[in-house]
Amino acid sequence: MIRFEDIQEQVEQRRPGADLELLRRAYIFSAMVHRGQTRYSGEPYLTHPLAVAHILADLDLDEQTVATGLLHDTVEDAEDPHATAIELEGKFGREIANLVDGVTKLKRLEFGSAEERQAENLRKLMLAMVDDIRVVLVKLADRLHNMRTLEHVPAHKQRRIAVETMEIYVPLANRLGLGQIKGELENLALRYGDPEIFRQLTDHLEANKEVIEALIAQVGGTLDDQLKEHGITAKISGRVKGISSILRKMRVQEIEVQEVYDVVAFRILTDTVKDCYGALGIIHSIWPPVPGRIKDYIAMPKPNLYQSLHTSVMSERGFPFEIQIRTEEMHELAEHGIAAHWRYKDRDQKLSREEVSGVQWLRQVLEFQQDVRDSQEFMRYVKIDLFPEEVHVFTPKGKVVTLSRGATPIDFAYTIHTEVGHQCVGAKINGRLVPLKTELKSGDIVEIRTQSGHEPSRDWLVFVKTARARSKIRAHLKRIERERSVELGRSLLEKELRRASISFKTLEDEHKAALREEFKVPTLDDLMAALGAGRITPSQVLKVVAPDKEAKEEEAPSILSRVTRALGRGKRADKVLVRGMGDTMVSLAGCCRPIPGDEIVGYITRGRGVSVHTESCPNLEQLLLDENRKIEVEWASAGGASRFDVGIRIVTANRPGQLRRIAELLEQEKINIRHAGADVDSEREEGVIMVIAEVENRKQVERIIEKIRRIGGVRQVRRVAPSL
Ligand code: MN
């Protein structure tokens, strides 16, 4: 069992000047929070954070990371009283609070065994969602200790955890170049994930133990003598290869356990790169190399920066064995990978640029590091470098969805299903209602609310990022636009025909051909669409149908004409005046949905008439980059019974009956509620209530907002677009 003193000693030795007081405080705090808690093994829970911190100290990581190891389970995996993020920040500063928070977030990823095709996404996600790569190092140390103590976990859970380790954490450790941790995790995962093959291999190795040991001793002696003779200083070590790498070889070569001979590996650590190649030549002069097994990862490093020379040779007794040759520094990197950054952080010259030449990625990092001393910024750079173009988010069921950076809940909805996109009326990120244009961040859990019959808004096009969402929205809008144009065109024409006492049926029966010819349209629907869009006027049609009837004087295009148009669901009417335009479609923009009394601005859309926004609409700036599309509009006289949808968002203390109080108030005011919903944020102890109400004008809204504000417990009330 690890004692705190062991950790303290290790940090003190390897990082002189480290803040040991910080570690002590973290230890005491963790002990306090975890007191009385036990692990599956029956040991005090505290043994776990201590072991994790020890693994991190062993990697020579800084004291902030080691302290995070001590604290990593205090927020979530503690019984009462667990710590809060705020408390941690107060006690240990923002850096450590952020690190612990990062580790806590990664726990979300541990839901059941990942599907095969999800595994790669999850690994990416882990790297992408943390602001600081040290979070991943703590997570790996956490997993390593949990794997070391897996025997105490109930059998039915062992396999799942082992599979998850193999799919997620082993490749992650490999990606970060943490060879030592990767090897141990891999062996443990195999032991619990595939116990039968593991037992066969260990039995086989045990049965051949004497031969293996003799081989190690003999080859080791020869290597030592020969290298010395040629003036090469080197550290030589021989060992039995990891079970997992033996297994990999068995699978590649399709051989049985009994046929496995290639189980011994030697490692030679030299001072210089030149000596690496020197040693390789000497080895090949003693034992014949196995063809095709020489690998030069010094000239051609692996993507995770691994550098080494590999060769396999045949011993006198006919057993093949493997030799890896590298410098001490390369070895350091092979074993500790990205963690080596902290190891060398305070020892300037150790990892010189020459030694890593050819390693493009690390060289960039080192060059960058000269300019940026701050390690957080350094890691942000590394992170961005890894996956610059993507964000990875979750469905509520834990499926990972990969989207382009900057994607919004609408993009997410269209990725799930086209209908989910069309019918999207709201979105929650991590349980909280958000505007639909909110940018998604990696790790967000995104929940889409749909309403059948809802249709996509043109305003979405301003902020969606994915091509799929864009094209689906466009296609749908085009269809709707046409339907509406046809409908509007027909009603406009019918009105005109009535004045000339001609029925629509007569027109269909007798004038179809003439109209198609005159207006060059394939069908009458196309003619209605052209009428609805204002490209053709009803009186033009009348001239064809009844040339003898005197057409009514058409309104001059320059005077103010009143336009009304049925809204989406066909109940309410917009009353907006458009200056200087003939019969034109006018609609209230869905993004801000103005109501009488609002200052409004018209925007001339392509082939869809005028869309009316409030002057303060956030989309307007973008839309009006083209000044020519702006048009002055004003409200028609407010008389009449027109009703307009308005959204009201209320933030309130979490107490019972709030929604009812608000509903009662609106009823008193004789305001019809079209939709009302509430969400509780238990963390903040508050609720968010969304009401969509029918109002006549802005004054009325302002009055009720003022009244809602006076309800006890209400913290914030504001008007929002009713689509939210
Ligand atoms: Mn843990």
# chains A, B, ... in the order shown; residues from 1 in each chain; ligands from 1

$ residues_near_ligand --ligand "ligand 1" --cutoff "7 Å" --atoms "only C-alpha atoms and all ligand atoms" --output "PDB file with all heavy atoms, in the first residue's frame"
ATOM      1  N   HIS A  48      -6.827   4.336  -3.145  1.00  0.00           N
ATOM      2  CA  HIS A  48      -6.901   4.536  -4.598  1.00  0.00           C
ATOM      3  C   HIS A  48      -6.303   5.879  -5.047  1.00  0.00           C
ATOM      4  O   HIS A  48      -5.368   5.895  -5.848  1.00  0.00           O
ATOM      5  CB  HIS A  48      -8.342   4.353  -5.070  1.00  0.00           C
ATOM      6  CG  HIS A  48      -8.584   4.759  -6.485  1.00  0.00           C
ATOM      7  ND1 HIS A  48      -7.968   4.137  -7.548  1.00  0.00           N
ATOM      8  CD2 HIS A  48      -9.352   5.744  -7.020  1.00  0.00           C
ATOM      9  CE1 HIS A  48      -8.358   4.724  -8.673  1.00  0.00           C
ATOM     10  NE2 HIS A  48      -9.197   5.695  -8.386  1.00  0.00           N
ATOM     11  N   PRO A  49      -6.798   7.013  -4.509  1.00  0.00           N
ATOM     12  CA  PRO A  49      -6.148   8.268  -4.914  1.00  0.00           C
ATOM     13  C   PRO A  49      -4.650   8.305  -4.585  1.00  0.00           C
ATOM     14  O   PRO A  49      -3.869   8.901  -5.345  1.00  0.00           O
ATOM     15  CB  PRO A  49      -6.904   9.351  -4.139  1.00  0.00           C
ATOM     16  CG  PRO A  49      -7.899   8.674  -3.291  1.00  0.00           C
ATOM     17  CD  PRO A  49      -8.030   7.253  -3.723  1.00  0.00           C
ATOM     18  N   HIS A  72      -8.786  13.416  -7.449  1.00  0.00           N
ATOM     19  CA  HIS A  72      -9.569  13.196  -8.667  1.00  0.00           C
ATOM     20  C   HIS A  72     -10.961  12.617  -8.432  1.00  0.00           C
ATOM     21  O   HIS A  72     -11.844  12.796  -9.255  1.00  0.00           O
ATOM     22  CB  HIS A  72      -8.797  12.344  -9.676  1.00  0.00           C
ATOM     23  CG  HIS A  72      -8.833  10.870  -9.395  1.00  0.00           C
ATOM     24  ND1 HIS A  72      -7.956  10.260  -8.534  1.00  0.00           N
ATOM     25  CD2 HIS A  72      -9.651   9.892  -9.851  1.00  0.00           C
ATOM     26  CE1 HIS A  72      -8.232   8.962  -8.482  1.00  0.00           C
ATOM     27  NE2 HIS A  72      -9.258   8.706  -9.269  1.00  0.00           N
ATOM     28  N   ASP A  73     -11.179  11.937  -7.308  1.00  0.00           N
ATOM     29  CA  ASP A  73     -12.507  11.367  -7.070  1.00  0.00           C
ATOM     30  C   ASP A  73     -13.317  12.124  -6.019  1.00  0.00           C
ATOM     31  O   ASP A  73     -14.385  11.680  -5.614  1.00  0.00           O
ATOM     32  CB  ASP A  73     -12.377   9.897  -6.631  1.00  0.00           C
ATOM     33  CG  ASP A  73     -12.181   8.969  -7.821  1.00  0.00           C
ATOM     34  OD1 ASP A  73     -12.623   9.330  -8.926  1.00  0.00           O
ATOM     35  OD2 ASP A  73     -11.580   7.898  -7.644  1.00  0.00           O
ATOM     36  N   ASP A 142      -5.495   6.672 -13.252  1.00  0.00           N
ATOM     37  CA  ASP A 142      -6.693   6.194 -12.564  1.00  0.00           C
ATOM     38  C   ASP A 142      -7.074   4.815 -13.097  1.00  0.00           C
ATOM     39  O   ASP A 142      -7.291   3.863 -12.359  1.00  0.00           O
ATOM     40  CB  ASP A 142      -7.815   7.215 -12.813  1.00  0.00           C
ATOM     41  CG  ASP A 142      -9.148   6.813 -12.213  1.00  0.00           C
ATOM     42  OD1 ASP A 142      -9.142   6.302 -11.070  1.00  0.00           O
ATOM     43  OD2 ASP A 142     -10.178   7.024 -12.871  1.00  0.00           O
TER      44      ASP A 142
END

$ residues_around --residues "Gly242 of chain A" --least-positions-apart "5" --cutoff "12 Å" --atoms "only C-alpha atoms" --output "list in words"
Gly179, Gln180, Lys182, Gly183, Glu184, Leu185, Glu186, Asn187, Leu188, Leu190, Arg191, Phe198, Leu201, Thr202, Leu205, Leu247, Arg248, Lys249, Asp262, Val263, Val264 and Ala265 of chain A

$ select_by_dssp --residues "segment 77-304 of chain A" --states "alpha helix (DSSP H)" --output "PyMOL selection string"
chain A and resi 85-106+116-129+134-148+155-164+170-175+179-193+195-207+209-229+243-253+273-286

$ write_last_selection --atoms "C-alpha atoms" --output "compact mmCIF listing (two decimals), in the first residue's frame"
# COMPACT_ATOMS: atom_id res chain seq x y z
CA ALA A 85 -15.70 22.52 -7.91
CA ILE A 86 -15.98 25.89 -6.18
CA GLU A 87 -14.59 24.47 -2.97
CA LEU A 88 -11.62 22.97 -4.81
CA GLU A 89 -10.92 26.24 -6.54
CA GLY A 90 -10.98 28.08 -3.23
CA LYS A 91 -8.64 25.62 -1.58
CA PHE A 92 -6.26 24.66 -4.38
CA GLY A 93 -6.60 27.33 -7.05
CA ARG A 94 -8.14 27.37 -10.47
CA GLU A 95 -5.53 25.20 -12.21
CA ILE A 96 -6.14 22.18 -9.98
CA ALA A 97 -9.90 22.74 -9.89
CA ASN A 98 -9.91 22.69 -13.70
CA LEU A 99 -7.82 19.53 -13.81
CA VAL A 100 -10.14 17.71 -11.38
CA ASP A 101 -13.13 18.97 -13.33
CA GLY A 102 -11.62 17.59 -16.53
CA VAL A 103 -11.15 14.15 -14.99
CA THR A 104 -14.70 14.23 -13.63
CA LYS A 105 -16.03 15.02 -17.11
CA LEU A 106 -14.19 12.10 -18.64
CA GLU A 116 -16.30 -1.01 -32.10
CA ARG A 117 -16.90 1.86 -34.48
CA GLN A 118 -17.30 4.27 -31.59
CA ALA A 119 -13.99 3.43 -30.01
CA GLU A 120 -11.92 5.63 -32.29
CA ASN A 121 -14.33 8.52 -31.78
CA LEU A 122 -14.15 8.11 -28.04
CA ARG A 123 -10.38 8.19 -28.01
CA LYS A 124 -10.40 11.31 -30.14
CA LEU A 125 -13.02 12.77 -27.91
CA MET A 126 -10.98 12.25 -24.80
CA LEU A 127 -8.12 14.15 -26.35
CA ALA A 128 -10.31 16.83 -27.83
CA MET A 129 -12.57 17.59 -24.91
CA ARG A 134 -2.60 16.36 -18.01
CA VAL A 135 -6.25 15.47 -17.44
CA VAL A 136 -5.79 12.48 -19.73
CA LEU A 137 -2.62 11.49 -17.89
CA VAL A 138 -4.51 11.47 -14.59
CA LYS A 139 -7.30 9.48 -16.21
CA LEU A 140 -4.81 6.91 -17.49
CA ALA A 141 -3.21 6.61 -14.05
CA ASP A 142 -6.69 6.19 -12.56
CA ARG A 143 -7.51 3.43 -15.03
CA LEU A 144 -4.15 1.75 -14.46
CA HIS A 145 -4.74 1.45 -10.73
CA ASN A 146 -8.31 0.28 -11.26
CA MET A 147 -6.97 -2.41 -13.61
CA ARG A 148 -4.28 -3.42 -11.11
CA ALA A 155 -16.67 -10.95 -12.09
CA HIS A 156 -19.48 -9.74 -14.36
CA LYS A 157 -17.98 -6.27 -14.45
CA GLN A 158 -14.39 -7.38 -15.00
CA ARG A 159 -14.79 -8.29 -18.64
CA ARG A 160 -16.56 -5.09 -19.58
CA ILE A 161 -13.91 -2.97 -17.90
CA ALA A 162 -11.14 -5.01 -19.54
CA VAL A 163 -12.67 -4.61 -23.01
CA GLU A 164 -13.10 -0.89 -22.47
CA VAL A 170 -4.53 1.22 -24.50
CA PRO A 171 -4.68 3.06 -27.85
CA LEU A 172 -4.87 6.37 -26.00
CA ALA A 173 -1.73 5.60 -24.00
CA ASN A 174 -0.10 4.52 -27.24
CA ARG A 175 -1.14 7.72 -29.02
CA GLY A 179 4.84 2.89 -23.62
CA GLN A 180 5.13 1.70 -20.04
CA ILE A 181 1.52 2.39 -19.09
CA LYS A 182 0.30 1.06 -22.42
CA GLY A 183 2.15 -2.23 -21.90
CA GLU A 184 0.83 -2.77 -18.41
CA LEU A 185 -2.75 -1.83 -19.31
CA GLU A 186 -2.62 -4.15 -22.30
CA ASN A 187 -1.44 -7.11 -20.24
CA LEU A 188 -4.05 -6.52 -17.55
CA ALA A 189 -6.81 -6.06 -20.11
CA LEU A 190 -5.86 -9.35 -21.71
CA ARG A 191 -5.73 -11.14 -18.39
CA TYR A 192 -9.32 -10.24 -17.56
CA GLY A 193 -10.70 -9.87 -21.05
CA PRO A 195 -8.48 -15.26 -19.42
CA GLU A 196 -8.19 -18.54 -21.35
CA ILE A 197 -5.52 -17.45 -23.83
CA PHE A 198 -3.77 -15.53 -21.07
CA ARG A 199 -3.51 -18.68 -18.97
CA GLN A 200 -2.24 -20.75 -21.90
CA LEU A 201 0.51 -18.26 -22.62
CA THR A 202 1.65 -17.86 -19.04
CA ASP A 203 1.71 -21.67 -18.64
CA HIS A 204 3.78 -21.97 -21.80
CA LEU A 205 6.27 -19.37 -20.59
CA GLU A 206 6.44 -20.99 -17.18
CA ALA A 207 7.18 -24.40 -18.75
CA LYS A 209 11.34 -20.74 -18.01
CA GLU A 210 14.78 -22.36 -17.72
CA VAL A 211 15.52 -22.20 -21.43
CA ILE A 212 14.42 -18.59 -21.55
CA GLU A 213 16.52 -17.56 -18.57
CA ALA A 214 19.57 -19.30 -19.96
CA LEU A 215 19.10 -17.50 -23.28
CA ILE A 216 18.80 -14.12 -21.57
CA ALA A 217 21.96 -14.71 -19.53
CA GLN A 218 24.00 -15.96 -22.46
CA VAL A 219 22.97 -13.36 -25.01
CA GLY A 220 23.24 -10.61 -22.43
CA GLY A 221 26.85 -11.62 -21.66
CA THR A 222 27.84 -11.76 -25.33
CA LEU A 223 26.30 -8.35 -26.05
CA ASP A 224 28.04 -6.81 -23.08
CA ASP A 225 31.46 -8.15 -24.12
CA GLN A 226 31.16 -7.28 -27.80
CA LEU A 227 29.89 -3.73 -27.32
CA LYS A 228 32.61 -2.99 -24.78
CA GLU A 229 35.23 -4.35 -27.14
CA ILE A 243 1.89 -11.31 -23.19
CA SER A 244 0.03 -8.97 -25.49
CA SER A 245 2.89 -8.51 -27.93
CA ILE A 246 3.42 -12.29 -28.04
CA LEU A 247 -0.26 -12.71 -28.72
CA ARG A 248 -0.16 -10.14 -31.49
CA LYS A 249 2.67 -12.03 -33.14
CA MET A 250 0.79 -15.32 -32.80
CA ARG A 251 -2.17 -13.82 -34.60
CA VAL A 252 -0.12 -12.28 -37.38
CA GLN A 253 1.84 -15.50 -37.97
CA VAL A 273 22.53 7.98 -32.22
CA LYS A 274 25.83 6.99 -33.86
CA ASP A 275 26.30 4.26 -31.25
CA CYS A 276 22.81 2.92 -32.01
CA TYR A 277 23.78 2.18 -35.60
CA GLY A 278 27.22 0.95 -34.44
CA ALA A 279 25.59 -1.52 -32.07
CA LEU A 280 23.26 -2.75 -34.82
CA GLY A 281 26.25 -3.58 -37.06
CA ILE A 282 28.02 -5.46 -34.27
CA ILE A 283 24.88 -7.50 -33.47
CA HIS A 284 24.41 -8.55 -37.07
CA SER A 285 28.05 -9.68 -37.19
CA ILE A 286 27.39 -12.03 -34.23

$ atom_distance --atom1 "atom CA of Glu496 of chain A" --atom2 "atom CA of Ser539 of chain A"
7.1 Å

$ residues_around --residues "segment 501-513 of chain A" --least-positions-apart "4" --cutoff "12 Å" --atoms "only C-alpha atoms" --output "list in words"
Arg490, Ser491, Leu492, Leu493, Glu494, Lys495, Glu496, Leu497, Glu517, Glu518, Phe519, Lys520, Val521, Pro522, Thr523, Leu524, Asp525, Asp526, Leu527, Met528, Val541, Leu542, Lys543, Val544, Val545, Ala546, Pro547 and Lys549 of chain A

$ write_last_selection --atoms "N, CA and C atoms" --output "PDB file, in the first residue's frame"
ATOM      1  N   ARG A 490     -53.351  31.773 -55.731  1.00  0.00           N
ATOM      2  CA  ARG A 490     -54.710  31.370 -56.059  1.00  0.00           C
ATOM      3  C   ARG A 490     -55.735  32.277 -55.376  1.00  0.00           C
ATOM      4  N   SER A 491     -55.483  32.604 -54.121  1.00  0.00           N
ATOM      5  CA  SER A 491     -56.471  33.428 -53.419  1.00  0.00           C
ATOM      6  C   SER A 491     -56.489  34.853 -53.976  1.00  0.00           C
ATOM      7  N   LEU A 492     -55.318  35.353 -54.370  1.00  0.00           N
ATOM      8  CA  LEU A 492     -55.271  36.684 -54.982  1.00  0.00           C
ATOM      9  C   LEU A 492     -56.045  36.699 -56.297  1.00  0.00           C
ATOM     10  N   LEU A 493     -55.845  35.638 -57.069  1.00  0.00           N
ATOM     11  CA  LEU A 493     -56.481  35.567 -58.380  1.00  0.00           C
ATOM     12  C   LEU A 493     -57.995  35.401 -58.252  1.00  0.00           C
ATOM     13  N   GLU A 494     -58.383  34.563 -57.287  1.00  0.00           N
ATOM     14  CA  GLU A 494     -59.820  34.343 -57.104  1.00  0.00           C
ATOM     15  C   GLU A 494     -60.543  35.644 -56.793  1.00  0.00           C
ATOM     16  N   LYS A 495     -59.886  36.455 -55.968  1.00  0.00           N
ATOM     17  CA  LYS A 495     -60.484  37.740 -55.606  1.00  0.00           C
ATOM     18  C   LYS A 495     -60.708  38.594 -56.862  1.00  0.00           C
ATOM     19  N   GLU A 496     -59.677  38.640 -57.682  1.00  0.00           N
ATOM     20  CA  GLU A 496     -59.733  39.435 -58.912  1.00  0.00           C
ATOM     21  C   GLU A 496     -60.808  38.889 -59.867  1.00  0.00           C
ATOM     22  N   LEU A 497     -60.877  37.538 -59.939  1.00  0.00           N
ATOM     23  CA  LEU A 497     -61.845  36.909 -60.843  1.00  0.00           C
ATOM     24  C   LEU A 497     -63.272  37.197 -60.396  1.00  0.00           C
ATOM     25  N   GLU A 517     -49.686  29.521 -72.488  1.00  0.00           N
ATOM     26  CA  GLU A 517     -49.002  30.108 -73.640  1.00  0.00           C
ATOM     27  C   GLU A 517     -48.528  31.526 -73.316  1.00  0.00           C
ATOM     28  N   GLU A 518     -49.440  32.341 -72.786  1.00  0.00           N
ATOM     29  CA  GLU A 518     -49.161  33.745 -72.515  1.00  0.00           C
ATOM     30  C   GLU A 518     -48.024  33.914 -71.494  1.00  0.00           C
ATOM     31  N   PHE A 519     -48.099  33.127 -70.418  1.00  0.00           N
ATOM     32  CA  PHE A 519     -47.128  33.339 -69.335  1.00  0.00           C
ATOM     33  C   PHE A 519     -45.971  32.342 -69.324  1.00  0.00           C
ATOM     34  N   LYS A 520     -45.956  31.472 -70.344  1.00  0.00           N
ATOM     35  CA  LYS A 520     -44.868  30.500 -70.487  1.00  0.00           C
ATOM     36  C   LYS A 520     -44.676  29.665 -69.215  1.00  0.00           C
ATOM     37  N   VAL A 521     -45.778  29.116 -68.715  1.00  0.00           N
ATOM     38  CA  VAL A 521     -45.694  28.247 -67.529  1.00  0.00           C
ATOM     39  C   VAL A 521     -46.241  26.866 -67.891  1.00  0.00           C
ATOM     40  N   PRO A 522     -45.631  25.804 -67.417  1.00  0.00           N
ATOM     41  CA  PRO A 522     -46.078  24.454 -67.765  1.00  0.00           C
ATOM     42  C   PRO A 522     -47.419  24.077 -67.134  1.00  0.00           C
ATOM     43  N   THR A 523     -47.698  24.539 -65.930  1.00  0.00           N
ATOM     44  CA  THR A 523     -48.969  24.168 -65.304  1.00  0.00           C
ATOM     45  C   THR A 523     -49.620  25.390 -64.682  1.00  0.00           C
ATOM     46  N   LEU A 524     -50.887  25.251 -64.322  1.00  0.00           N
ATOM     47  CA  LEU A 524     -51.578  26.353 -63.652  1.00  0.00           C
ATOM     48  C   LEU A 524     -50.984  26.618 -62.271  1.00  0.00           C
ATOM     49  N   ASP A 525     -50.519  25.544 -61.599  1.00  0.00           N
ATOM     50  CA  ASP A 525     -49.859  25.722 -60.303  1.00  0.00           C
ATOM     51  C   ASP A 525     -48.653  26.650 -60.426  1.00  0.00           C
ATOM     52  N   ASP A 526     -47.932  26.492 -61.520  1.00  0.00           N
ATOM     53  CA  ASP A 526     -46.776  27.359 -61.730  1.00  0.00           C
ATOM     54  C   ASP A 526     -47.219  28.805 -61.890  1.00  0.00           C
ATOM     55  N   LEU A 527     -48.373  28.978 -62.529  1.00  0.00           N
ATOM     56  CA  LEU A 527     -48.904  30.323 -62.685  1.00  0.00           C
ATOM     57  C   LEU A 527     -49.274  30.917 -61.316  1.00  0.00           C
ATOM     58  N   MET A 528     -49.915  30.067 -60.477  1.00  0.00           N
ATOM     59  CA  MET A 528     -50.296  30.533 -59.134  1.00  0.00           C
ATOM     60  C   MET A 528     -49.047  30.913 -58.340  1.00  0.00           C
ATOM     61  N   VAL A 541     -53.475  38.547 -65.545  1.00  0.00           N
ATOM     62  CA  VAL A 541     -54.180  37.310 -65.852  1.00  0.00           C
ATOM     63  C   VAL A 541     -55.575  37.630 -66.373  1.00  0.00           C
ATOM     64  N   LEU A 542     -56.194  38.591 -65.725  1.00  0.00           N
ATOM     65  CA  LEU A 542     -57.548  38.949 -66.112  1.00  0.00           C
ATOM     66  C   LEU A 542     -57.611  39.440 -67.559  1.00  0.00           C
ATOM     67  N   LYS A 543     -56.572  40.154 -67.974  1.00  0.00           N
ATOM     68  CA  LYS A 543     -56.526  40.650 -69.352  1.00  0.00           C
ATOM     69  C   LYS A 543     -56.592  39.507 -70.366  1.00  0.00           C
ATOM     70  N   VAL A 544     -55.997  38.374 -69.998  1.00  0.00           N
ATOM     71  CA  VAL A 544     -56.008  37.221 -70.899  1.00  0.00           C
ATOM     72  C   VAL A 544     -57.358  36.525 -70.860  1.00  0.00           C
ATOM     73  N   VAL A 545     -57.890  36.385 -69.631  1.00  0.00           N
ATOM     74  CA  VAL A 545     -59.112  35.611 -69.444  1.00  0.00           C
ATOM     75  C   VAL A 545     -60.340  36.371 -69.953  1.00  0.00           C
ATOM     76  N   ALA A 546     -60.382  37.679 -69.655  1.00  0.00           N
ATOM     77  CA  ALA A 546     -61.555  38.465 -70.042  1.00  0.00           C
ATOM     78  C   ALA A 546     -61.105  39.819 -70.553  1.00  0.00           C
ATOM     79  N   PRO A 547     -60.553  39.829 -71.778  1.00  0.00           N
ATOM     80  CA  PRO A 547     -59.972  41.071 -72.304  1.00  0.00           C
ATOM     81  C   PRO A 547     -60.985  42.198 -72.414  1.00  0.00           C
ATOM     82  N   LYS A 549     -63.557  42.752 -70.329  1.00  0.00           N
ATOM     83  CA  LYS A 549     -63.890  43.368 -69.039  1.00  0.00           C
ATOM     84  C   LYS A 549     -62.799  44.367 -68.672  1.00  0.00           C
TER      85      LYS A 549
END

$ select_by_dssp --residues "segment 152-369 of chain A" --states "strand (DSSP E or B)" --output "VMD selection string"
chain A and resid 234 to 240 264 to 270 289 295 to 296 309 to 314 320 to 327

$ residues_around --residues "segment 32-43 of chain A" --least-positions-apart "2" --cutoff "12 Å" --atoms "only C-alpha atoms" --output "ChimeraX atom specification"
/A:1,25-30,45-50,70-84,87-88,146,148-155,157

$ atom_distance --atom1 "atom CA of Asp411 of chain A" --atom2 "atom CA of Lys437 of chain A"
9.4 Å

$ closest_atom_pairs --of "segment 404-487 of chain A" --to "segment 645-666 of chain A" --cutoff "12 Å" --atoms "only C-alpha atoms" --output "Markdown table"
| residue | atom | partner | partner_atom | distance |
| --- | --- | --- | --- | --- |
| A:Arg432 | CA | A:Val651 | CA | 11.9 |
| A:Leu433 | CA | A:Arg649 | CA | 10.4 |
| A:Val434 | CA | A:Arg649 | CA | 11.3 |
| A:Pro435 | CA | A:Arg649 | CA | 11.6 |

$ write_last_selection --atoms "N, CA and C atoms" --output "mmCIF file, in the first residue's frame"
data_model
loop_
_atom_site.group_PDB
_atom_site.id
_atom_site.type_symbol
_atom_site.label_atom_id
_atom_site.label_comp_id
_atom_site.auth_asym_id
_atom_site.auth_seq_id
_atom_site.Cartn_x
_atom_site.Cartn_y
_atom_site.Cartn_z
ATOM 1 N N ARG A 432 -29.379 21.926 -20.127
ATOM 2 C CA ARG A 432 -29.841 23.308 -20.031
ATOM 3 C C ARG A 432 -30.345 23.783 -21.389
ATOM 4 N N LEU A 433 -31.487 24.470 -21.388
ATOM 5 C CA LEU A 433 -32.016 25.005 -22.643
ATOM 6 C C LEU A 433 -31.076 26.059 -23.208
ATOM 7 N N VAL A 434 -30.822 25.987 -24.499
ATOM 8 C CA VAL A 434 -29.925 26.962 -25.123
ATOM 9 C C VAL A 434 -30.526 27.445 -26.438
ATOM 10 N N PRO A 435 -30.080 28.621 -26.906
ATOM 11 C CA PRO A 435 -30.507 29.059 -28.237
ATOM 12 C C PRO A 435 -30.016 28.081 -29.299
#

$ atom_distance --atom1 "atom CA of Ser642 of chain A" --atom2 "atom CA of Lys478 of chain A"
27.4 Å

$ residues_around --residues "Ile705 of chain A" --least-positions-apart "2" --cutoff "8 Å" --atoms "only C-alpha atoms" --output "ChimeraX atom specification"
/A:648,701-703,707-709,717-719

$ write_last_selection --atoms "C-alpha atoms" --output "compact mmCIF listing (two decimals), in the first residue's frame"
# COMPACT_ATOMS: atom_id res chain seq x y z
CA ILE A 648 -41.16 34.71 -22.47
CA VAL A 701 -45.88 42.04 -23.37
CA GLU A 702 -44.03 44.66 -21.40
CA ARG A 703 -46.89 44.86 -18.94
CA LYS A 707 -46.04 41.57 -13.48
CA ILE A 708 -44.20 38.26 -13.73
CA ARG A 709 -41.12 39.99 -12.37
CA VAL A 717 -37.71 37.59 -17.15
CA ARG A 718 -37.11 38.36 -20.77
CA ARG A 719 -38.80 38.23 -24.10

$ residues_around --residues "Arg449 of chain A" --least-positions-apart "5" --cutoff "7 Å" --atoms "only C-alpha atoms" --output "PDB file with all heavy atoms, in the first residue's frame"
ATOM      1  N   CYS A 424     -37.183  20.469 -35.300  1.00  0.00           N
ATOM      2  CA  CYS A 424     -36.469  20.923 -34.102  1.00  0.00           C
ATOM      3  C   CYS A 424     -37.052  22.251 -33.605  1.00  0.00           C
ATOM      4  O   CYS A 424     -37.100  23.236 -34.331  1.00  0.00           O
ATOM      5  CB  CYS A 424     -34.997  21.084 -34.443  1.00  0.00           C
ATOM      6  SG  CYS A 424     -34.056  21.783 -33.106  1.00  0.00           S
ATOM      7  N   VAL A 425     -37.493  22.259 -32.355  1.00  0.00           N
ATOM      8  CA  VAL A 425     -38.027  23.503 -31.786  1.00  0.00           C
ATOM      9  C   VAL A 425     -37.203  23.995 -30.607  1.00  0.00           C
ATOM     10  O   VAL A 425     -37.411  25.086 -30.107  1.00  0.00           O
ATOM     11  CB  VAL A 425     -39.494  23.353 -31.325  1.00  0.00           C
ATOM     12  CG1 VAL A 425     -40.413  23.231 -32.520  1.00  0.00           C
ATOM     13  CG2 VAL A 425     -39.653  22.163 -30.390  1.00  0.00           C
ATOM     14  N   GLY A 426     -36.261  23.178 -30.168  1.00  0.00           N
ATOM     15  CA  GLY A 426     -35.469  23.609 -29.035  1.00  0.00           C
ATOM     16  C   GLY A 426     -34.346  22.634 -28.790  1.00  0.00           C
ATOM     17  O   GLY A 426     -34.318  21.535 -29.335  1.00  0.00           O
ATOM     18  N   ALA A 427     -33.366  23.059 -27.982  1.00  0.00           N
ATOM     19  CA  ALA A 427     -32.240  22.175 -27.707  1.00  0.00           C
ATOM     20  C   ALA A 427     -31.749  22.388 -26.292  1.00  0.00           C
ATOM     21  O   ALA A 427     -31.807  23.488 -25.752  1.00  0.00           O
ATOM     22  CB  ALA A 427     -31.107  22.445 -28.688  1.00  0.00           C
TER      23      ALA A 427
END

$ residues_around --residues "segment 669-683 of chain A" --least-positions-apart "2" --cutoff "8 Å" --atoms "only C-alpha atoms" --output "list in words"
Gly431, Arg432, Asn654, Leu659, Ala663, Leu665, Leu666, Glu667, Glu685, Glu686, Gly687, Val688, Ile689, Met690, Val691, Ile692, Ala693, Glu694, Val695 and Ile704 of chain A
